[in-house]
Amino acid sequence: MNKRKGHFGKFGGRFVPEMLFSALDELEEAYYDAIKDKLFQKEFKYYLKTFTGRPTALTFAGNLTEKLGGAKIYLKNEGLNHTGAHKITHCIGQALLAKRMKKKRLIAETGAGQHGLATATVSAKLGFSCTVYMGEKDIDRQRPNVFLMEQLGAEVIPAKFGNRTLKDAVNAATKDYIENFSTSHYLLGSVVGPHPYPVMNRNFQSVVGDEVKKQIMKAEGRLPDYIIACVGGGSNAMGIFYKFLNNKNTKLIAVEAGGKSEKAGEHSMSFKGTVGVVEGYKSFFLQDEDGQIQDTYSIAAGMDYPGIGPELSYLKDIGRIEADAVSDEEVIDAFKLICKTEGIIPALESAHAVAKAVKLAPQLKKNKIIVVNISGRGDKDIFILADKLKDKNFFQFLKDYLNREN
Amino acid sequence: MNKRKGHFGKFGGRFVPEMLFSALDELEEAYYDAIKDKLFQKEFKYYLKTFTGRPTALTFAGNLTEKLGGAKIYLKNEGLNHTGAHKITHCIGQALLAKRMKKKRLIAETGAGQHGLATATVSAKLGFSCTVYMGEKDIDRQRPNVFLMEQLGAEVIPAKFGNRTLKDAVNAATKDYIENFSTSHYLLGSVVGPHPYPVMNRNFQSVVGDEVKKQIMKAEGRLPDYIIACVGGGSNAMGIFYKFLNNKNTKLIAVEAGGKSEKAGEHSMSFKGTVGVVEGYKSFFLQDEDGQIQDTYSIAAGMDYPGIGPELSYLKDIGRIEADAVSDEEVIDAFKLICKTEGIIPALESAHAVAKAVKLAPQLKKNKIIVVNISGRGDKDIFILADKLKDKNFFQFLKDYLNREN
Amino acid sequence: MNLIDKQLIKIKNENRTGLMTHVVVGFPSLDKTISIVKNMVEAGVDFVELQIPFSEPLADGPTIMGACEKALKDGVKVKDAFDAAAILSKNINVPLLFMAYYNTVFKYGTEKFCADAKKAGISGLIVPDIPFEEEENEHFIKFCKREGLKNIRVMSPSSTTERLKINSKVAEGFIYCTARQGITGSSKELDPELKSYLTNVRRYFKIPVAVGFGISNKERLNQIKPFADIAVIGSAIIDIINDSLETDLENNLTSFLRAIID
Amino acid sequence: MNLIDKQLIKIKNENRTGLMTHVVVGFPSLDKTISIVKNMVEAGVDFVELQIPFSEPLADGPTIMGACEKALKDGVKVKDAFDAAAILSKNINVPLLFMAYYNTVFKYGTEKFCADAKKAGISGLIVPDIPFEEEENEHFIKFCKREGLKNIRVMSPSSTTERLKINSKVAEGFIYCTARQGITGSSKELDPELKSYLTNVRRYFKIPVAVGFGISNKERLNQIKPFADIAVIGSAIIDIINDSLETDLENNLTSFLRAIID
Ligand SMILES: Cc1ncc(COP(=O)(O)O)c(C=O)c1O
Ligand SMILES: Cc1ncc(COP(=O)(O)O)c(C=O)c1O
C-alpha cells in the first residue's frame, strides 16, 4: 500500500483518465511541496485567522447536557466561520495552492451551494475568476446561494444532464478542469475524488481537530470520549476526527442521512452501499448491482451524495470509526431541540450529528464527554425548514414579497 | 454634569415616567455592581469567547485598498459573531446582568430582526423566556428573522400602532417592561434609551475597540488613522470608537443612512435632525417643529430609526467624531464592490460604512490606515437586495417554491 | 391663588372626592374638544386634563395612543392646544391642566411653554417623563414655579420610598397616582395592593392625592373614593367618543358623567 | 492470434488508415445496436467499440452522455452488453472492443469481466479510468492478459513524457489518442499541436496509434490520416442516430460511413 498514491487500505487511489492524470500529478507535487514550505503554512494560518475568523468557538452545551441527563456535550461551532461552514477552510488551502501554481481561475462543484459560496468567496479574496457548476435542479432549489455567489463575482453554470444534482456538477466541473487545467484549479469540496484531494482536504481541515484538542483540554483537562460528525463527503468529519485517530480512547462517530426510509433513493447512507470506483476514487457508493449510481435523498442538501471519502471507508472498515445514520424526523427534532436549548441554529447537515448525540448522551455516564461538530449554521436552510414545518406565515411573506415585485 | 446619571454633555439622561424609574434604578445599581465583580467580567468574556466566537477577525482588504489606490483598508468583521452581527455582544452582557438580577424573562424590541434574533439566542442559551416586539410592518417585511426567532423559542409580538415599525416596537416593549419589570429585563438593543442603557451597551460593545487595538497593533504596529462605522442607534459605532476616544490621532467617522434623498421620510440622518427628548433620552432626532417624530427610511432595516445614541450626539457636538451620510445608491455600489473584491458580503447597514471608506480612501496617502466596522453579514438582506437588483431568477425561485407548497 | 388650589379647597370643604377628566386635544376634532370640555364642566367635573398629542406616548395605553395618532393625522399642532386652552379658560371656571410629554415642552422651549401655558389660562402641567433628576439641566420645575403653574408629579405602585421622597420635595398641587403599574386604559380589577400603596404615598406627600387609570364606571369610582382626593377618568371617555355616533356624542358623555357624579 | 492484431496487420498491408466506430450498447435500442454495428461492418469499418453505458461517464461529452443516460433509462444492463457482443461476434469478422468505465468492470468483478468478455468474443478493452498505478491492487492488466484481451490505453495531449513512458510499458494492440485535451464530442478545429503530440506518442509507443474525438466528416478524417493508423468516430454517429427518423437511420448511417470511407 503506497500512501503517496492516496490509498487508504483498499480505498482511495486515483482512478482517472489520462487526460486528468497530469493535472493531478502537478497538483500533488505542488501540494507536497507547499506543505514543506513554512511560508505556505504561515499564509494558510494567516487567512484562517484574519479572514475566516478561526479558531471557531467550542461551546459547552449546558442546557442540552442537563436536559439529556447523561454525558457532557460540547459543540464545535464551525458555523462561525466566514460563509457559515467549515468548507471555507479547505477552500483557502486549495486557493493558496492554486496561487502557488500560478492558476488564474478556480472551478468548483456545489450541491447546496455552501461549497460554491466558499469557493466564490476565496476567489474574490485571492483574486481568481471563478466558475461554479451546480446541478440545474439544485440551482432551482437553492437560488439564494446562487444569488450570493453571483454577488461575489462567480459564474454559476447549471449541469443539465444526469439527475441534475451534485454528482452531475462534479462531472461538469471535472470536464472543465480537464480542458483548462493549465490555467485553472479544480477546487473540489470534500475529502472525495482522486488523490490528492482526500489527503489534501483532510489535512487542511484537520485544523478543526487541533482546535478542539486545545479547547477541550482547556475546558476539561482531558480529551473527549466521543466525537460526532455528520458525513456528506466527509470533510467536516475527517477534519475533526483526524488528529484524534491515534487517541484510541476517543470514539469517532460518523452520521449519515437516514432520510425518509432505507429504500434506495430515500436516503444517502453510503456506508450501507457497496465498494465501487466512481469520480476517481474507490470507496463505498450507493449503486445498483451493475455499478450504476443510485438516486439519493437527504433533507440536508449537503449530504445528498452517493459516495463517501475513501479514508472514512477505510476507518470504518478497520473499526476505528463507527458509522450511524439518523432519519429526517430525528434531524428535525434535534434541530428544534438545539435551537431552543442552546441558541444555536445548526445547518441541517450538522443537525444529523446533533440527533446522534441526543440519542447517545443519555446512555452515557455524566463524566463522559461528547464533542459534536456543528459543521455549519442553519440560516441557509430556512426555505427547507419552512417547508417541513409548513410555516404559513413564511409562505404569506413570500406571496406578499412577490406581489410587491409585480 | 453627572456622568452617573448618564449625561453626555447636554445629551442622554433618563427622561422616563416614574413607573419606569425604579426599574432603571435597580438596573443601574445591578450594572455598576456587576462590573466591579471580577466573576461577572469573567463570565461575560467566557461567553464571548466560547459562544459568540470572539475575537472576530480583522481582515486586511488588500484588493479594495489596491483598487482605491489610497489608504490601507482593514475590515473588522463583526459579521463573524454568532447570529451574524455585533448585537449579540451587548445581549450577552445584559442577559448575564438579568441573571444576576434573578429575572426570568427577556423583552426586546427589534426592527430588522437582528437584535431580536440575538436576544432570542441568548435567551435560549441562558435560560430565559423571551418576548420580542416588532412592528407589524417589519414582521411582514422581515419574516425570515421572525421564523428564526420562533425556532429559538421566542414569542414575537407585533406592534400594531403608530407606523408599525421599530419605534413602535420600542414603545410596546417599554410598556411590557413597565408592567413586568419585577420578573423581566428589557434588553434594549442599542446605545439609546434612558440611562443606564447607553453607558451599559457601549461598555459591553467596547470589546470591539479593544480587539481592533490589539489586532491592528499586531498587523501594523500602530493605531489606525480612521475608523468608520455605520449608525442606526449607534451600538456598533460606539463599540469600535470608544477605546479610541482618547487617541486623538484616530479620526472617527459615523455614517448615517442618506437614503433616497434629503426629504423628510426618505432618509435616517438623525444628526441632521434637532435636539429632542424621546424614548427616555435627549439626543438628535428627526422631528418636526412640534417635536413629533418623523418617518424615516433606509435601505438597511437596522438604520431605519429616527434617533441616535446620546453619546454620539455629544461626540459630534464637541467635534470628536465626524458625521457623514451616504445614499442608497452609494451603498449598493459599495456592497457590490466589497463582495467582488474582498469576498465579504456585508449587511446593508455595514455597507454604509464601506461606502464612506470607498470615498475617503482615494483621498488619503498610502501610508494611512482606515478600519471599517463590518457590523454584520449580509445574507439577511437577500430579499431586499434581490428586490433592488431586480433578480428575476430569485423571484422565479420563490414562485416555484410557493407552487410546490400549494 | 392658582385655580387648582382653589378647587382643592372647595372639594375639601364639600367633603367629597373631586373628579378630573381627560381629553386629547383635537380628538375627535378641535371643535369637539372645546364642546366636550364644556360638557364635562357642566356635568360637574372639577379638573380637566388637556393632553397635547405626541407621536411617542410612552406612558399611554392603546386607547389614548389611538386618539393621539388620530389627532396628529388630522394635523393637530401644539399651538392648537394653546388656542383651545385660551378659549376654554375664558369660558369655564374649573382648572385646566396640560398633559404633555417632555419633548413637546422642550421642543417648544420649556420657558416659553410655561409662559404661554400660563397666558392660555392653564393652571398646571402633567409631564410624566421629566423626572426631578433632570431639573439641573432642564429647569422645568423652575419655569413652572416662575409662572405659577402647578407641576403635577405622577407616581406609580412601583415607586420606591426613595422616589416618593424625591418627588415629594417638588410636588405641587396634588400628586397623581396611577392605580396600577402599567399603562393607561381600562382593566378589570383594581390593584389589590392599591391601599397600601396609597397609604405609603400619603406618608410622604402632604398634598392631595389623585388616582387615575382604569376608572370606567361608578363601581370603580366607589372602590377608589376611600383612598383618593381626586379620581381621574381618562380612557373611558375616549372609549365613549369612539363608540358614539357624532350626533350622540355629547348626550352619551353627559349621561356617563352624570351617572358617575350622581 | 487476437483479432485486433490481425486487423492491424491487414490495414498495414493495405497501407491505409483503419477506421474504428463507436456505439453505446442499447442506444437507441438493443436491437438497433446489433443492426447498426452490422451496418458499420458492411460499410467497411475495421474496429467496433461497444460502450457499456454508465451513470457517471466522466470522460464523455454531452452527446455520448445523453446516449448512455437514455440507454440506462430504457433499462439496459451490463449483461446486455455481453449478450450483444456474443451475438455480434458470431456474425461479423471485425474485432469488437468494450469501452467501459472501471466501476462497471470492478463491480462485475474484474476477473470475471475479462473472462466473460473473452467468451462473448470481445478482443480488447478500453477502460479510460484505470491507470497503471492502480494495477497493484486491481489486477486489471493481469486479467486482460490472462484472457488475451488487448488492454487499450487512452492518452491525451496533456499526457506528460512520464505518463507516456508508464503507459507504453503496458499498452497493447494500439494506443488510443484523444485528439484534443478534453471530452469527447465534435468541435470545429483539430488541435494545432496535434502533430507534435502524436509525434511524441510515437516516440514512446511502438504500437499503432488510433486518434479519436471530433471526427465528423471526410475533411476531418483527411486532416488526421497523416498522423493516425486508426481514425475513431464516436459522437458523430450518435448525432446521426439522434437526427434520423427511425426508418431512415440505417440509410443515413450507411451513407455517412460510405462518404467517409470512399
Ligand atoms: C454545513 C455542512 N455540513 C456538512 C456538509 C457535508 O459535507 P462534508 O461531509 O464534506 O463535511 C456540507 C456540504 O455542503 C455542509 O454545507
Ligand atoms: C448589522 C447591523 N449593523 C448596524 C445596525 C445598527 O445598529 P447600531 O447603530 O446600534 O449598531 C444594526 C441594527 O440592527 C445591524 O443589524
# chains A, B, ... in the order shown; residues from 1 in each chain; ligands from 1

call {"tool": "residues_near_ligand", "arguments": {"ligand": "ligand 1", "cutoff": "6 Å", "atoms": "only C-alpha atoms and all ligand atoms", "output": "list in words"}}
result
Ala85, Ala112, Gln114, His115, Ser190, Val231, Gly232, Gly233, Gly234, Ser235, Asn236, Ala237, Gly302, Met303, Ala347, Glu349, Ser350, Ser375 and Gly376 of chain A

call {"tool": "select_by_dssp", "arguments": {"residues": "range 151-249 of chain B", "states": "strand (DSSP E)", "output": "PyMOL selection string"}}
result
chain B and resi 155-159+184-186+226-230

call {"tool": "residues_around", "arguments": {"residues": "Ile52 in chain D", "least_positions_apart": "6", "cutoff": "8 Å", "atoms": "only C-alpha atoms", "output": "PyMOL selection string"}}
result
chain D and resi 24-25+68+78+81+98-101

call {"tool": "atom_distance", "arguments": {"atom1": "CA of Leu364 in chain B", "atom2": "CA of Asp225 in chain B"}}
result
10.1 Å

call {"tool": "residues_around", "arguments": {"residues": "Pro208 in chain C", "least_positions_apart": "4", "cutoff": "8 Å", "atoms": "only C-alpha atoms", "output": "number ranges by chain"}}
result
C: 8, 173-175, 228-230

call {"tool": "interface_residues", "arguments": {"of": "chain B", "to": "chain A", "cutoff": "6 Å", "atoms": "only C-alpha atoms", "output": "number ranges by chain"}}
result
B: 50-51, 53, 56-59, 80, 121, 124-125, 152-153, 339-343

call {"tool": "residues_around", "arguments": {"residues": "Lys175 in chain B", "least_positions_apart": "2", "cutoff": "10 Å", "atoms": "only C-alpha atoms", "output": "list in words"}}
result
Met19, Leu20, Ala169, Val170, Asn171, Ala172, Ala173, Tyr177, Ile178, Glu179, Asn180, Phe181 and Tyr186 of chain B; Leu58, Ala59, Asp60, Gly61, Gln181, Gly182 and Ile183 of chain C

call {"tool": "interface_residues", "arguments": {"of": "chain A", "to": "chain D", "cutoff": "9 Å", "atoms": "only C-alpha atoms", "output": "MDAnalysis selection string"}}
result
chainID A and resid 1 5 10 13:23 161:162 167:168 171:172 174:180 274:280 282 289:294

call {"tool": "atom_distance", "arguments": {"atom1": "CA of Ser235 in chain D", "atom2": "CA of Leu19 in chain D"}}
result
14.2 Å

call {"tool": "residues_around", "arguments": {"residues": "range 259-263 of chain A", "least_positions_apart": "5", "cutoff": "10 Å", "atoms": "only C-alpha atoms", "output": "PyMOL selection string"}}
result
chain A and resi 268-269+272+296-300+303-304+325-331

call {"tool": "write_last_selection", "arguments": {"atoms": "C-alpha atoms", "output": "compact mmCIF listing (two decimals), in the first residue's frame"}}
result
# COMPACT_ATOMS: atom_id res chain seq x y z
CA SER A 268 -27.86 8.88 1.49
CA MET A 269 -26.33 6.15 3.65
CA LYS A 272 -24.62 0.84 3.58
CA THR A 296 -30.01 9.68 -3.14
CA TYR A 297 -32.05 11.89 -0.92
CA SER A 298 -31.48 13.94 2.19
CA ILE A 299 -33.32 16.75 3.89
CA ALA A 300 -29.85 18.30 4.11
CA MET A 303 -25.48 15.25 2.45
CA ASP A 304 -27.37 14.30 -0.67
CA ALA A 325 -27.48 7.27 10.43
CA VAL A 326 -30.46 9.26 11.64
CA SER A 327 -33.80 9.86 9.99
CA ASP A 328 -35.21 13.16 8.74
CA GLU A 329 -37.61 13.13 11.65
CA GLU A 330 -34.86 12.71 14.21
CA VAL A 331 -32.99 15.50 12.49

call {"tool": "select_by_dssp", "arguments": {"residues": "range 29-250 of chain B", "states": "alpha helix (DSSP H)", "output": "number ranges by chain"}}
result
B: 29-35, 38-47, 62-68, 87-100, 114-126, 136-141, 143-151, 166-180, 197-205, 207-220, 235-241

call {"tool": "residues_around", "arguments": {"residues": "Glu42 in chain C", "least_positions_apart": "5", "cutoff": "12 Å", "atoms": "only C-alpha atoms", "output": "list in words"}}
result
Ser35, Ile36, Val37, Phe47, Val48, Asn91, Ile92, Asn93, Val94, Glu250, Leu253, Thr254, Ser255, Leu257, Arg258 and Ile261 of chain C

call {"tool": "write_last_selection", "arguments": {"atoms": "N, CA, C and O atoms", "output": "PDB file, in the first residue's frame"}}
result
ATOM      1  N   SER C  35     -66.194  71.556  22.875  1.00  0.00           N
ATOM      2  CA  SER C  35     -67.555  71.283  23.349  1.00  0.00           C
ATOM      3  C   SER C  35     -67.561  70.170  24.387  1.00  0.00           C
ATOM      4  O   SER C  35     -68.330  70.207  25.350  1.00  0.00           O
ATOM      5  N   ILE C  36     -66.679  69.178  24.208  1.00  0.00           N
ATOM      6  CA  ILE C  36     -66.624  68.090  25.194  1.00  0.00           C
ATOM      7  C   ILE C  36     -66.214  68.624  26.557  1.00  0.00           C
ATOM      8  O   ILE C  36     -66.814  68.301  27.583  1.00  0.00           O
ATOM      9  N   VAL C  37     -65.204  69.473  26.558  1.00  0.00           N
ATOM     10  CA  VAL C  37     -64.739  70.007  27.842  1.00  0.00           C
ATOM     11  C   VAL C  37     -65.858  70.825  28.495  1.00  0.00           C
ATOM     12  O   VAL C  37     -66.108  70.710  29.703  1.00  0.00           O
ATOM     13  N   PHE C  47     -61.649  69.153  37.528  1.00  0.00           N
ATOM     14  CA  PHE C  47     -60.395  69.471  36.835  1.00  0.00           C
ATOM     15  C   PHE C  47     -60.464  68.880  35.425  1.00  0.00           C
ATOM     16  O   PHE C  47     -61.061  67.826  35.229  1.00  0.00           O
ATOM     17  N   VAL C  48     -59.831  69.542  34.468  1.00  0.00           N
ATOM     18  CA  VAL C  48     -59.786  68.966  33.120  1.00  0.00           C
ATOM     19  C   VAL C  48     -58.328  68.921  32.639  1.00  0.00           C
ATOM     20  O   VAL C  48     -57.585  69.901  32.704  1.00  0.00           O
ATOM     21  N   ASN C  91     -64.037  80.515  29.136  1.00  0.00           N
ATOM     22  CA  ASN C  91     -65.430  80.115  29.215  1.00  0.00           C
ATOM     23  C   ASN C  91     -65.798  79.247  30.411  1.00  0.00           C
ATOM     24  O   ASN C  91     -66.972  79.066  30.692  1.00  0.00           O
ATOM     25  N   ILE C  92     -64.785  78.669  31.061  1.00  0.00           N
ATOM     26  CA  ILE C  92     -65.116  77.788  32.179  1.00  0.00           C
ATOM     27  C   ILE C  92     -64.318  78.185  33.394  1.00  0.00           C
ATOM     28  O   ILE C  92     -63.299  78.876  33.298  1.00  0.00           O
ATOM     29  N   ASN C  93     -64.774  77.707  34.529  1.00  0.00           N
ATOM     30  CA  ASN C  93     -64.126  78.154  35.752  1.00  0.00           C
ATOM     31  C   ASN C  93     -63.416  77.046  36.516  1.00  0.00           C
ATOM     32  O   ASN C  93     -63.045  77.203  37.654  1.00  0.00           O
ATOM     33  N   VAL C  94     -63.294  75.861  35.907  1.00  0.00           N
ATOM     34  CA  VAL C  94     -62.519  74.815  36.584  1.00  0.00           C
ATOM     35  C   VAL C  94     -61.092  74.860  36.056  1.00  0.00           C
ATOM     36  O   VAL C  94     -60.861  75.268  34.914  1.00  0.00           O
ATOM     37  N   GLU C 250     -72.311  64.040  22.613  1.00  0.00           N
ATOM     38  CA  GLU C 250     -72.424  64.866  23.812  1.00  0.00           C
ATOM     39  C   GLU C 250     -73.433  64.302  24.811  1.00  0.00           C
ATOM     40  O   GLU C 250     -73.189  64.291  26.010  1.00  0.00           O
ATOM     41  N   LEU C 253     -71.850  61.307  26.586  1.00  0.00           N
ATOM     42  CA  LEU C 253     -70.838  61.736  27.529  1.00  0.00           C
ATOM     43  C   LEU C 253     -71.496  62.291  28.783  1.00  0.00           C
ATOM     44  O   LEU C 253     -71.108  61.938  29.907  1.00  0.00           O
ATOM     45  N   THR C 254     -72.497  63.128  28.578  1.00  0.00           N
ATOM     46  CA  THR C 254     -73.185  63.734  29.719  1.00  0.00           C
ATOM     47  C   THR C 254     -73.812  62.646  30.585  1.00  0.00           C
ATOM     48  O   THR C 254     -73.671  62.666  31.808  1.00  0.00           O
ATOM     49  N   SER C 255     -74.460  61.675  29.963  1.00  0.00           N
ATOM     50  CA  SER C 255     -75.092  60.643  30.799  1.00  0.00           C
ATOM     51  C   SER C 255     -74.043  59.829  31.541  1.00  0.00           C
ATOM     52  O   SER C 255     -74.228  59.486  32.705  1.00  0.00           O
ATOM     53  N   LEU C 257     -71.120  60.859  32.579  1.00  0.00           N
ATOM     54  CA  LEU C 257     -70.577  61.641  33.690  1.00  0.00           C
ATOM     55  C   LEU C 257     -71.619  61.823  34.787  1.00  0.00           C
ATOM     56  O   LEU C 257     -71.311  61.721  35.982  1.00  0.00           O
ATOM     57  N   ARG C 258     -72.852  62.081  34.368  1.00  0.00           N
ATOM     58  CA  ARG C 258     -73.921  62.251  35.369  1.00  0.00           C
ATOM     59  C   ARG C 258     -74.026  61.007  36.231  1.00  0.00           C
ATOM     60  O   ARG C 258     -74.124  61.081  37.449  1.00  0.00           O
ATOM     61  N   ILE C 261     -71.167  60.945  38.604  1.00  0.00           N
ATOM     62  CA  ILE C 261     -71.144  62.009  39.614  1.00  0.00           C
ATOM     63  C   ILE C 261     -72.357  61.948  40.526  1.00  0.00           C
ATOM     64  O   ILE C 261     -72.322  62.416  41.645  1.00  0.00           O
TER      65      ILE C 261
END

call {"tool": "closest_residue", "arguments": {"among": "A:Asp381, A:Ser184, A:Asp25, A:Lys365", "to": "Ala98 in chain A", "atoms": "only C-alpha atoms"}}
result
A:Ser184

call {"tool": "atom_distance", "arguments": {"atom1": "CA of Asp262 in chain C", "atom2": "CA of Ala85 in chain C"}}
result
27.4 Å
